[in-house]
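As structure tokens, the structure follows; a few thoughts come after it.
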Amino acid sequence: MQNTLDLAGKVALVTGASTGIGRATAKAFARDGATVVLADINEKDAGDLLQELDKSGATACFIKTDVASPSDVEALTAEIINRYGKLDCAFNNAGIAGPMGQMLDGYTLEDWDRVFSINIRGVMLCMQQQIRQMLKQGSGTIVNTASIWGFVGAMGCSAYVASKHAVVGLTKATAIEYAPKGIRVNCVSPGTIRTPIIKPAIDAFDNFEENMIAAHPIGRLGEPIEVGEAVVWLSKPASSFVVGQNLPVDGGFTLQ
Ligand SMILES: NC(=O)c1ccc[n+]([C@@H]2O[C@H](COP(=O)([O-])OP(=O)(O)OC[C@H]3O[C@@H](n4cnc5c(N)ncnc54)[C@H](O)[C@@H]3O)[C@@H](O)[C@H]2O)c1
């Protein structure tokens, strides 16, 4: 990995930072010089990551946050400003898969609401706080994590699919609202990436991994850092004219 340090002096927040895509992205932000704030409900893995970042010489902290909780999200932003005085780059990435292999007629309202409370309401709550701060600064970048399932449908996970379509819509709507104020909002849509979130799908669907590999023209699953690199680029001045886009990082999945 090339170390560019072109985010030196920037403060970057990553939600869902403890494992998977968030973890890899947090490391990429740190590699490029940003001060990194890790937010997650998973303290153990965040602790390990923090140690790793400390050893590498990065400036980082962990703020335990449930993105579904308005008070947690408010406290997260307040703590970032208290510690570092600003927020330059936000990556709203925390998400859950919800029930896998469950058709809509069998969904409980509780399961449906849980997926929405984290995957879309959580993104909205985080964005509100971030935008209020970025408006004061007159600048900032926000990247949200959508999914290939924000482009097309899939069997047995309608809450997830619907929530990711909503992330794309929220991204586009807010990109238009805040581009004139110096805040760029975009999202990434990962294909199937090797992270803990795909375990329930592997358990629920026969030959999930083989079928997913076959569905990605590149002929393999993605790695978390491949998404992280796209997120970091969307957070840098290098992408300064990219506004409200939904960038597939999917090995060609959505081309078909
Ligand atoms: N892995 C894939 O194939 C894939 C594909 C498309 C989109 N995504 C999306 O990427 C994002 C990251 O997922 P991942 O693949 O890295 O899986 P992951 O399970 O490794 O990461 C999700 C992270 O979010 C955290 N989290 C869950 N609920 C939270 C909450 N309420 N508050 C704060 N943090 C919470 C988890 O603790 C975890 O660290 C998710 O939004 C997911 O929907 C993943």
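Please note that chains go A, B, ... in the order of the structure tokens, that every chain numbers its residues from 1, and that ligands are numbered from 1 in the order shown.
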For this session: Name all residues at most 12 Å from Ala94 of chain A (count only C-alpha atoms; drop same-chain ones fewer than 4 positions away) and give them as an NGL selection string.
Result: :A and (13-23 or 38-42 or 65-68 or 90 or 115-124 or 126 or 143-146 or 164 or 167 or 197)
Create the file for the chosen residues now, containing N, CA, C and O atoms and written as a short mmCIF file (atom, residue, chain, number, x, y, z; two decimals), in the first residue's frame.
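See again_8.cif below for the written result:
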```cif
data_model
loop_
_atom_site.label_atom_id
_atom_site.label_comp_id
_atom_site.auth_asym_id
_atom_site.auth_seq_id
_atom_site.Cartn_x
_atom_site.Cartn_y
_atom_site.Cartn_z
N LEU A 13 -13.88 10.09 10.46
CA LEU A 13 -14.70 9.20 11.29
C LEU A 13 -15.11 7.98 10.47
O LEU A 13 -15.54 8.12 9.32
N VAL A 14 -15.00 6.81 11.08
CA VAL A 14 -15.48 5.57 10.45
C VAL A 14 -16.45 4.89 11.40
O VAL A 14 -16.07 4.54 12.53
N THR A 15 -17.70 4.70 10.98
CA THR A 15 -18.62 3.91 11.81
C THR A 15 -18.58 2.46 11.31
O THR A 15 -18.31 2.20 10.14
N GLY A 16 -18.83 1.54 12.25
CA GLY A 16 -18.68 0.13 11.91
C GLY A 16 -17.22 -0.18 11.64
O GLY A 16 -16.86 -0.91 10.72
N ALA A 17 -16.35 0.41 12.48
CA ALA A 17 -14.91 0.39 12.22
C ALA A 17 -14.21 -0.86 12.77
O ALA A 17 -13.05 -1.10 12.45
N SER A 18 -14.92 -1.64 13.59
CA SER A 18 -14.21 -2.71 14.30
C SER A 18 -13.77 -3.86 13.41
O SER A 18 -12.73 -4.47 13.66
N THR A 19 -14.57 -4.19 12.42
CA THR A 19 -14.23 -5.34 11.56
C THR A 19 -14.48 -4.98 10.08
O THR A 19 -15.01 -3.90 9.78
N GLY A 20 -14.10 -5.88 9.22
CA GLY A 20 -14.48 -5.81 7.81
C GLY A 20 -14.07 -4.55 7.08
O GLY A 20 -12.94 -4.06 7.18
N ILE A 21 -15.03 -4.00 6.32
CA ILE A 21 -14.76 -2.85 5.44
C ILE A 21 -14.36 -1.62 6.25
O ILE A 21 -13.44 -0.88 5.88
N GLY A 22 -15.05 -1.39 7.36
CA GLY A 22 -14.75 -0.22 8.20
C GLY A 22 -13.33 -0.28 8.74
O GLY A 22 -12.60 0.72 8.74
N ARG A 23 -12.94 -1.46 9.19
CA ARG A 23 -11.60 -1.64 9.75
C ARG A 23 -10.52 -1.34 8.69
O ARG A 23 -9.57 -0.60 8.93
N LEU A 38 -12.69 5.85 15.47
CA LEU A 38 -13.36 4.57 15.26
C LEU A 38 -14.65 4.57 16.08
O LEU A 38 -14.61 4.86 17.28
N ALA A 39 -15.77 4.28 15.44
CA ALA A 39 -17.04 4.21 16.17
C ALA A 39 -17.68 2.86 15.88
O ALA A 39 -17.77 2.44 14.72
N ASP A 40 -18.11 2.18 16.94
CA ASP A 40 -18.69 0.84 16.77
C ASP A 40 -19.29 0.41 18.10
O ASP A 40 -19.01 1.04 19.13
N ILE A 41 -20.07 -0.67 18.07
CA ILE A 41 -20.55 -1.25 19.32
C ILE A 41 -19.61 -2.36 19.80
O ILE A 41 -19.69 -2.78 20.94
N ASN A 42 -18.76 -2.82 18.91
CA ASN A 42 -17.85 -3.93 19.21
C ASN A 42 -16.54 -3.37 19.77
O ASN A 42 -15.66 -2.93 19.02
N THR A 65 -20.16 3.58 20.11
CA THR A 65 -21.35 4.23 19.58
C THR A 65 -22.29 3.21 18.96
O THR A 65 -21.88 2.41 18.11
N ASP A 66 -23.54 3.28 19.36
CA ASP A 66 -24.59 2.53 18.64
C ASP A 66 -25.22 3.53 17.68
O ASP A 66 -25.90 4.47 18.11
N VAL A 67 -25.03 3.32 16.39
CA VAL A 67 -25.52 4.32 15.42
C VAL A 67 -27.05 4.40 15.38
O VAL A 67 -27.61 5.34 14.83
N ALA A 68 -27.72 3.42 15.98
CA ALA A 68 -29.18 3.47 16.03
C ALA A 68 -29.68 4.35 17.18
O ALA A 68 -30.87 4.61 17.28
N ALA A 90 -16.33 11.78 6.84
CA ALA A 90 -17.14 10.80 7.58
C ALA A 90 -17.46 9.62 6.68
O ALA A 90 -17.83 9.80 5.51
N VAL A 115 -33.20 -3.80 11.22
CA VAL A 115 -32.37 -3.57 10.03
C VAL A 115 -32.45 -2.09 9.64
O VAL A 115 -31.42 -1.44 9.39
N PHE A 116 -33.66 -1.55 9.63
CA PHE A 116 -33.81 -0.14 9.23
C PHE A 116 -33.20 0.82 10.25
O PHE A 116 -32.65 1.86 9.88
N SER A 117 -33.27 0.46 11.53
CA SER A 117 -32.77 1.39 12.56
C SER A 117 -31.25 1.57 12.44
O SER A 117 -30.74 2.65 12.74
N ILE A 118 -30.57 0.55 11.98
CA ILE A 118 -29.10 0.65 11.85
C ILE A 118 -28.72 1.07 10.42
O ILE A 118 -27.97 2.04 10.22
N ASN A 119 -29.26 0.38 9.43
CA ASN A 119 -28.78 0.55 8.06
C ASN A 119 -29.17 1.87 7.41
O ASN A 119 -28.44 2.37 6.55
N ILE A 120 -30.33 2.42 7.80
CA ILE A 120 -30.71 3.69 7.16
C ILE A 120 -30.96 4.80 8.20
O ILE A 120 -30.43 5.90 8.06
N ARG A 121 -31.71 4.48 9.27
CA ARG A 121 -31.91 5.52 10.29
C ARG A 121 -30.56 5.89 10.93
O ARG A 121 -30.29 7.06 11.17
N GLY A 122 -29.72 4.89 11.13
CA GLY A 122 -28.39 5.15 11.70
C GLY A 122 -27.56 6.05 10.79
O GLY A 122 -26.88 6.96 11.25
N VAL A 123 -27.62 5.78 9.50
CA VAL A 123 -26.88 6.62 8.55
C VAL A 123 -27.42 8.05 8.58
O VAL A 123 -26.68 9.03 8.62
N MET A 124 -28.76 8.16 8.62
CA MET A 124 -29.39 9.49 8.65
C MET A 124 -29.00 10.24 9.93
O MET A 124 -28.64 11.42 9.87
N CYS A 126 -26.36 9.87 11.82
CA CYS A 126 -24.95 10.26 11.74
C CYS A 126 -24.78 11.44 10.79
O CYS A 126 -24.08 12.41 11.10
N VAL A 143 -19.14 9.74 3.00
CA VAL A 143 -19.33 8.56 2.15
C VAL A 143 -20.18 7.57 2.95
O VAL A 143 -19.89 7.30 4.12
N ASN A 144 -21.22 7.07 2.33
CA ASN A 144 -22.08 6.07 2.97
C ASN A 144 -21.84 4.71 2.32
O ASN A 144 -21.48 4.64 1.14
N THR A 145 -22.09 3.65 3.08
CA THR A 145 -21.99 2.32 2.49
C THR A 145 -23.37 1.82 2.09
O THR A 145 -24.22 1.57 2.94
N ALA A 146 -23.58 1.72 0.78
CA ALA A 146 -24.80 1.08 0.27
C ALA A 146 -24.42 -0.37 -0.05
O ALA A 146 -23.77 -1.04 0.77
N LYS A 164 -30.73 -0.68 1.79
CA LYS A 164 -29.58 -0.23 0.99
C LYS A 164 -30.04 0.64 -0.19
O LYS A 164 -29.34 1.58 -0.57
N VAL A 167 -30.34 3.96 1.34
CA VAL A 167 -29.05 4.66 1.54
C VAL A 167 -28.66 5.39 0.25
O VAL A 167 -28.18 6.53 0.30
N ILE A 197 -19.96 -10.15 7.98
CA ILE A 197 -21.39 -9.96 7.71
C ILE A 197 -21.95 -11.02 6.76
O ILE A 197 -23.16 -11.27 6.74
#
```
Exercise. Nearest to Thr77 of chain A: which of A:Val231, A:Ala162, A:Ala58, A:Ile131 is it, counting only C-alpha atoms?
Worked result: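 Smallest separation from Thr77 of chain A among the options: A:Ile131.
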Exercise. Any idea what's packed within 12 Å of Leu135 of chain A, counting only C-alpha atoms, ignoring anything in its chain fewer than 5 positions away? Could you give it as a ChimeraX atom specification?
Worked result: /A:86-88,127-130,140-141,177-184
What parts of segment 78-235 of chain A does DSSP call strand (DSSP E or B)? I'd like the answer as an mmCIF file with all heavy atoms, in the first residue's frame.
```cif
data_model
loop_
_atom_site.group_PDB
_atom_site.id
_atom_site.type_symbol
_atom_site.label_atom_id
_atom_site.label_comp_id
_atom_site.auth_asym_id
_atom_site.auth_seq_id
_atom_site.Cartn_x
_atom_site.Cartn_y
_atom_site.Cartn_z
ATOM 1 N N CYS A 89 -13.883 14.196 7.292
ATOM 2 C CA CYS A 89 -14.334 13.083 6.447
ATOM 3 C C CYS A 89 -15.138 12.102 7.306
ATOM 4 O O CYS A 89 -14.663 11.683 8.358
ATOM 5 C CB CYS A 89 -13.143 12.309 5.874
ATOM 6 S SG CYS A 89 -11.845 13.328 5.168
ATOM 7 N N ALA A 90 -16.331 11.777 6.839
ATOM 8 C CA ALA A 90 -17.137 10.797 7.578
ATOM 9 C C ALA A 90 -17.459 9.618 6.676
ATOM 10 O O ALA A 90 -17.827 9.802 5.510
ATOM 11 C CB ALA A 90 -18.427 11.450 8.065
ATOM 12 N N PHE A 91 -17.304 8.427 7.215
ATOM 13 C CA PHE A 91 -17.656 7.202 6.487
ATOM 14 C C PHE A 91 -18.726 6.474 7.308
ATOM 15 O O PHE A 91 -18.420 5.903 8.364
ATOM 16 C CB PHE A 91 -16.415 6.333 6.293
ATOM 17 C CG PHE A 91 -16.668 5.026 5.574
ATOM 18 C CD1 PHE A 91 -17.595 4.928 4.547
ATOM 19 C CD2 PHE A 91 -15.938 3.882 5.909
ATOM 20 C CE1 PHE A 91 -17.833 3.723 3.889
ATOM 21 C CE2 PHE A 91 -16.154 2.674 5.250
ATOM 22 C CZ PHE A 91 -17.103 2.601 4.243
ATOM 23 N N ASN A 92 -19.964 6.558 6.830
ATOM 24 C CA ASN A 92 -21.095 5.944 7.530
ATOM 25 C C ASN A 92 -21.294 4.533 6.990
ATOM 26 O O ASN A 92 -21.950 4.334 5.969
ATOM 27 C CB ASN A 92 -22.346 6.809 7.342
ATOM 28 C CG ASN A 92 -22.142 8.172 7.954
ATOM 29 O OD1 ASN A 92 -21.718 8.277 9.108
ATOM 30 N ND2 ASN A 92 -22.405 9.227 7.197
ATOM 31 N N GLN A 102 -35.206 -15.200 4.620
ATOM 32 C CA GLN A 102 -36.553 -14.938 5.156
ATOM 33 C C GLN A 102 -37.381 -14.168 4.141
ATOM 34 O O GLN A 102 -37.022 -13.039 3.789
ATOM 35 C CB GLN A 102 -36.427 -14.114 6.453
ATOM 36 C CG GLN A 102 -37.737 -13.705 7.069
ATOM 37 C CD GLN A 102 -38.549 -14.915 7.498
ATOM 38 O OE1 GLN A 102 -38.174 -15.654 8.392
ATOM 39 N NE2 GLN A 102 -39.673 -15.130 6.826
ATOM 40 N N GLY A 140 -16.435 19.510 3.988
ATOM 41 C CA GLY A 140 -16.471 18.153 4.525
ATOM 42 C C GLY A 140 -16.845 17.159 3.442
ATOM 43 O O GLY A 140 -17.381 17.534 2.397
ATOM 44 N N THR A 141 -16.508 15.894 3.696
ATOM 45 C CA THR A 141 -16.933 14.827 2.781
ATOM 46 C C THR A 141 -17.639 13.746 3.589
ATOM 47 O O THR A 141 -17.260 13.462 4.733
ATOM 48 C CB THR A 141 -15.746 14.176 2.041
ATOM 49 O OG1 THR A 141 -14.864 13.586 3.008
ATOM 50 C CG2 THR A 141 -14.986 15.179 1.196
ATOM 51 N N ILE A 142 -18.658 13.169 2.973
ATOM 52 C CA ILE A 142 -19.390 12.065 3.594
ATOM 53 C C ILE A 142 -19.494 10.945 2.564
ATOM 54 O O ILE A 142 -19.845 11.195 1.411
ATOM 55 C CB ILE A 142 -20.802 12.515 4.029
ATOM 56 C CG1 ILE A 142 -20.706 13.603 5.117
ATOM 57 C CG2 ILE A 142 -21.622 11.321 4.522
ATOM 58 C CD1 ILE A 142 -22.048 14.195 5.540
ATOM 59 N N VAL A 143 -19.143 9.742 2.996
ATOM 60 C CA VAL A 143 -19.333 8.558 2.153
ATOM 61 C C VAL A 143 -20.184 7.565 2.949
ATOM 62 O O VAL A 143 -19.891 7.296 4.120
ATOM 63 C CB VAL A 143 -17.984 7.909 1.765
ATOM 64 C CG1 VAL A 143 -18.217 6.689 0.873
ATOM 65 C CG2 VAL A 143 -17.062 8.907 1.076
ATOM 66 N N ASN A 144 -21.224 7.074 2.333
ATOM 67 C CA ASN A 144 -22.079 6.071 2.970
ATOM 68 C C ASN A 144 -21.844 4.708 2.323
ATOM 69 O O ASN A 144 -21.482 4.639 1.143
ATOM 70 C CB ASN A 144 -23.555 6.463 2.809
ATOM 71 C CG ASN A 144 -23.855 7.798 3.461
ATOM 72 O OD1 ASN A 144 -23.321 8.116 4.534
ATOM 73 N ND2 ASN A 144 -24.700 8.599 2.826
ATOM 74 N N THR A 145 -22.094 3.654 3.079
ATOM 75 C CA THR A 145 -21.986 2.317 2.485
ATOM 76 C C THR A 145 -23.370 1.821 2.086
ATOM 77 O O THR A 145 -24.215 1.572 2.938
ATOM 78 C CB THR A 145 -21.350 1.305 3.458
ATOM 79 O OG1 THR A 145 -20.082 1.808 3.879
ATOM 80 C CG2 THR A 145 -21.135 -0.033 2.759
ATOM 81 N N CYS A 157 -33.946 -11.461 1.663
ATOM 82 C CA CYS A 157 -33.354 -10.438 2.556
ATOM 83 C C CYS A 157 -33.919 -9.066 2.190
ATOM 84 O O CYS A 157 -33.163 -8.106 1.983
ATOM 85 C CB CYS A 157 -31.834 -10.450 2.492
ATOM 86 S SG CYS A 157 -31.140 -10.365 0.831
ATOM 87 N N ILE A 183 -20.077 20.622 1.042
ATOM 88 C CA ILE A 183 -20.067 19.260 1.596
ATOM 89 C C ILE A 183 -20.388 18.277 0.466
ATOM 90 O O ILE A 183 -21.441 18.379 -0.168
ATOM 91 C CB ILE A 183 -21.109 19.109 2.724
ATOM 92 C CG1 ILE A 183 -20.848 20.143 3.827
ATOM 93 C CG2 ILE A 183 -21.095 17.690 3.289
ATOM 94 C CD1 ILE A 183 -21.976 20.261 4.841
ATOM 95 N N ARG A 184 -19.472 17.354 0.226
ATOM 96 C CA ARG A 184 -19.693 16.351 -0.828
ATOM 97 C C ARG A 184 -20.174 15.051 -0.210
ATOM 98 O O ARG A 184 -19.535 14.528 0.710
ATOM 99 C CB ARG A 184 -18.410 16.086 -1.597
ATOM 100 C CG ARG A 184 -18.050 17.162 -2.596
ATOM 101 C CD ARG A 184 -16.961 16.712 -3.558
ATOM 102 N NE ARG A 184 -15.743 16.291 -2.892
ATOM 103 C CZ ARG A 184 -15.226 15.073 -2.981
ATOM 104 N NH1 ARG A 184 -15.806 14.142 -3.705
ATOM 105 N NH2 ARG A 184 -14.105 14.775 -2.344
ATOM 106 N N VAL A 185 -21.290 14.538 -0.696
ATOM 107 C CA VAL A 185 -21.844 13.267 -0.205
ATOM 108 C C VAL A 185 -21.850 12.265 -1.356
ATOM 109 O O VAL A 185 -22.340 12.579 -2.449
ATOM 110 C CB VAL A 185 -23.287 13.450 0.319
ATOM 111 C CG1 VAL A 185 -23.794 12.150 0.938
ATOM 112 C CG2 VAL A 185 -23.372 14.587 1.329
ATOM 113 N N ASN A 186 -21.298 11.095 -1.121
ATOM 114 C CA ASN A 186 -21.299 10.005 -2.099
ATOM 115 C C ASN A 186 -21.529 8.692 -1.366
ATOM 116 O O ASN A 186 -21.505 8.655 -0.128
ATOM 117 C CB ASN A 186 -19.939 9.934 -2.826
ATOM 118 C CG ASN A 186 -19.711 11.091 -3.784
ATOM 119 O OD1 ASN A 186 -20.301 11.144 -4.857
ATOM 120 N ND2 ASN A 186 -18.857 12.048 -3.413
ATOM 121 N N CYS A 187 -21.730 7.615 -2.114
ATOM 122 C CA CYS A 187 -21.757 6.302 -1.463
ATOM 123 C C CYS A 187 -21.016 5.275 -2.304
ATOM 124 O O CYS A 187 -20.794 5.480 -3.502
ATOM 125 C CB CYS A 187 -23.182 5.840 -1.148
ATOM 126 S SG CYS A 187 -24.265 5.557 -2.558
ATOM 127 N N VAL A 188 -20.612 4.215 -1.630
ATOM 128 C CA VAL A 188 -19.998 3.077 -2.327
ATOM 129 C C VAL A 188 -20.957 1.900 -2.236
ATOM 130 O O VAL A 188 -21.691 1.753 -1.261
ATOM 131 C CB VAL A 188 -18.634 2.664 -1.715
ATOM 132 C CG1 VAL A 188 -17.561 3.665 -2.066
ATOM 133 C CG2 VAL A 188 -18.721 2.451 -0.209
ATOM 134 N N SER A 189 -20.936 1.090 -3.284
ATOM 135 C CA SER A 189 -21.766 -0.117 -3.287
ATOM 136 C C SER A 189 -20.875 -1.342 -3.476
ATOM 137 O O SER A 189 -20.552 -1.716 -4.610
ATOM 138 C CB SER A 189 -22.816 -0.036 -4.390
ATOM 139 O OG SER A 189 -23.919 0.720 -3.942
ATOM 140 N N PRO A 190 -20.485 -1.936 -2.350
ATOM 141 C CA PRO A 190 -19.625 -3.114 -2.455
ATOM 142 C C PRO A 190 -20.379 -4.309 -3.025
ATOM 143 O O PRO A 190 -21.579 -4.498 -2.767
ATOM 144 C CB PRO A 190 -19.230 -3.402 -0.993
ATOM 145 C CG PRO A 190 -19.543 -2.153 -0.227
ATOM 146 C CD PRO A 190 -20.695 -1.519 -0.952
ATOM 147 N N ILE A 193 -18.084 -9.053 -0.279
ATOM 148 C CA ILE A 193 -16.746 -8.843 0.292
ATOM 149 C C ILE A 193 -16.558 -9.819 1.451
ATOM 150 O O ILE A 193 -17.491 -10.037 2.238
ATOM 151 C CB ILE A 193 -16.619 -7.374 0.822
ATOM 152 C CG1 ILE A 193 -17.090 -6.342 -0.218
ATOM 153 C CG2 ILE A 193 -15.186 -7.100 1.278
ATOM 154 C CD1 ILE A 193 -16.281 -6.234 -1.477
ATOM 155 N N GLY A 222 -14.610 -9.868 -3.110
ATOM 156 C CA GLY A 222 -13.754 -8.710 -2.873
ATOM 157 C C GLY A 222 -13.114 -8.752 -1.491
ATOM 158 O O GLY A 222 -13.566 -9.487 -0.603
#
```
Exercise. For ligand 1, which of A:Ala12, A:Ile96, A:Leu50, A:Leu104 is the closest residue, counting only C-alpha atoms and all ligand atoms?
Worked result: A:Ile96
Exercise. When you draw a straight line from atom 33 (C, counted along the ligand's line) of ligand 1 to atom CA of Asp6 of chain A, how long is it in Å?
Worked result: 27.5 Å
Problem set entry | Shell around Gly33 of chain A at 6 Å using only C-alpha atoms, local window under 5 positions removed, as a list in words | Leu5, Leu7 and Ala8 of chain A
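Taking only C-alpha atoms into account, Ser158 of chain A lies nearest to A:Trp112 out of the set A:Ala204, A:Val232, A:Thr4, A:Trp112.
You will find atom CA of Val227 of chain A at 9.5 Å from atom 8 (N, counted along the ligand's line) of ligand 1.
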Problem set entry | Separation of atom CA of Asn93 of chain A from atom 38 (C, counted along the ligand's line) of ligand 1 in Å | 8.6 Å
Exercise. Within 10 Å of segment 250-256 of chain A, counting only C-alpha atoms, which residues qualify if same-chain residues fewer than 2 places away don't, as a VMD selection string?
Worked result: chain A and resid 147 to 149 151 to 152 188 to 193 212 to 222 226 to 227 247 to 248
Exercise. Given the choices A:Lys172, A:Lys10, A:Lys64, A:Arg114, which gets closest to Val243 of chain A if the distance is worked out from only C-alpha atoms?
Worked result: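 Once distances to Val243 of chain A are computed over only C-alpha atoms, the minimum belongs to A:Lys172.
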For this session: Counting only C-alpha atoms, figure out which residue out of A:Leu125, A:Lys55, A:Ala30, A:Gly169 gets nearest to Pro70 of chain A.
Result: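 Of A:Leu125, A:Lys55, A:Ala30, A:Gly169, the one nearest Pro70 of chain A is A:Leu125, counting only C-alpha atoms.
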Problem set entry | Neighbour list for Ala78 of chain A as a VMD selection string, cut-off 12 Å, only C-alpha atoms, skip fewer than 2 positions in-chain | chain A and resid 63 71 to 76 80 to 87 126 129 to 130 132 to 133
Problem set entry | Pick from A:Glu110, A:Glu229, A:Glu209, A:Glu52, whichever lies nearest to ligand 1 using only C-alpha atoms and all ligand atoms | A:Glu209
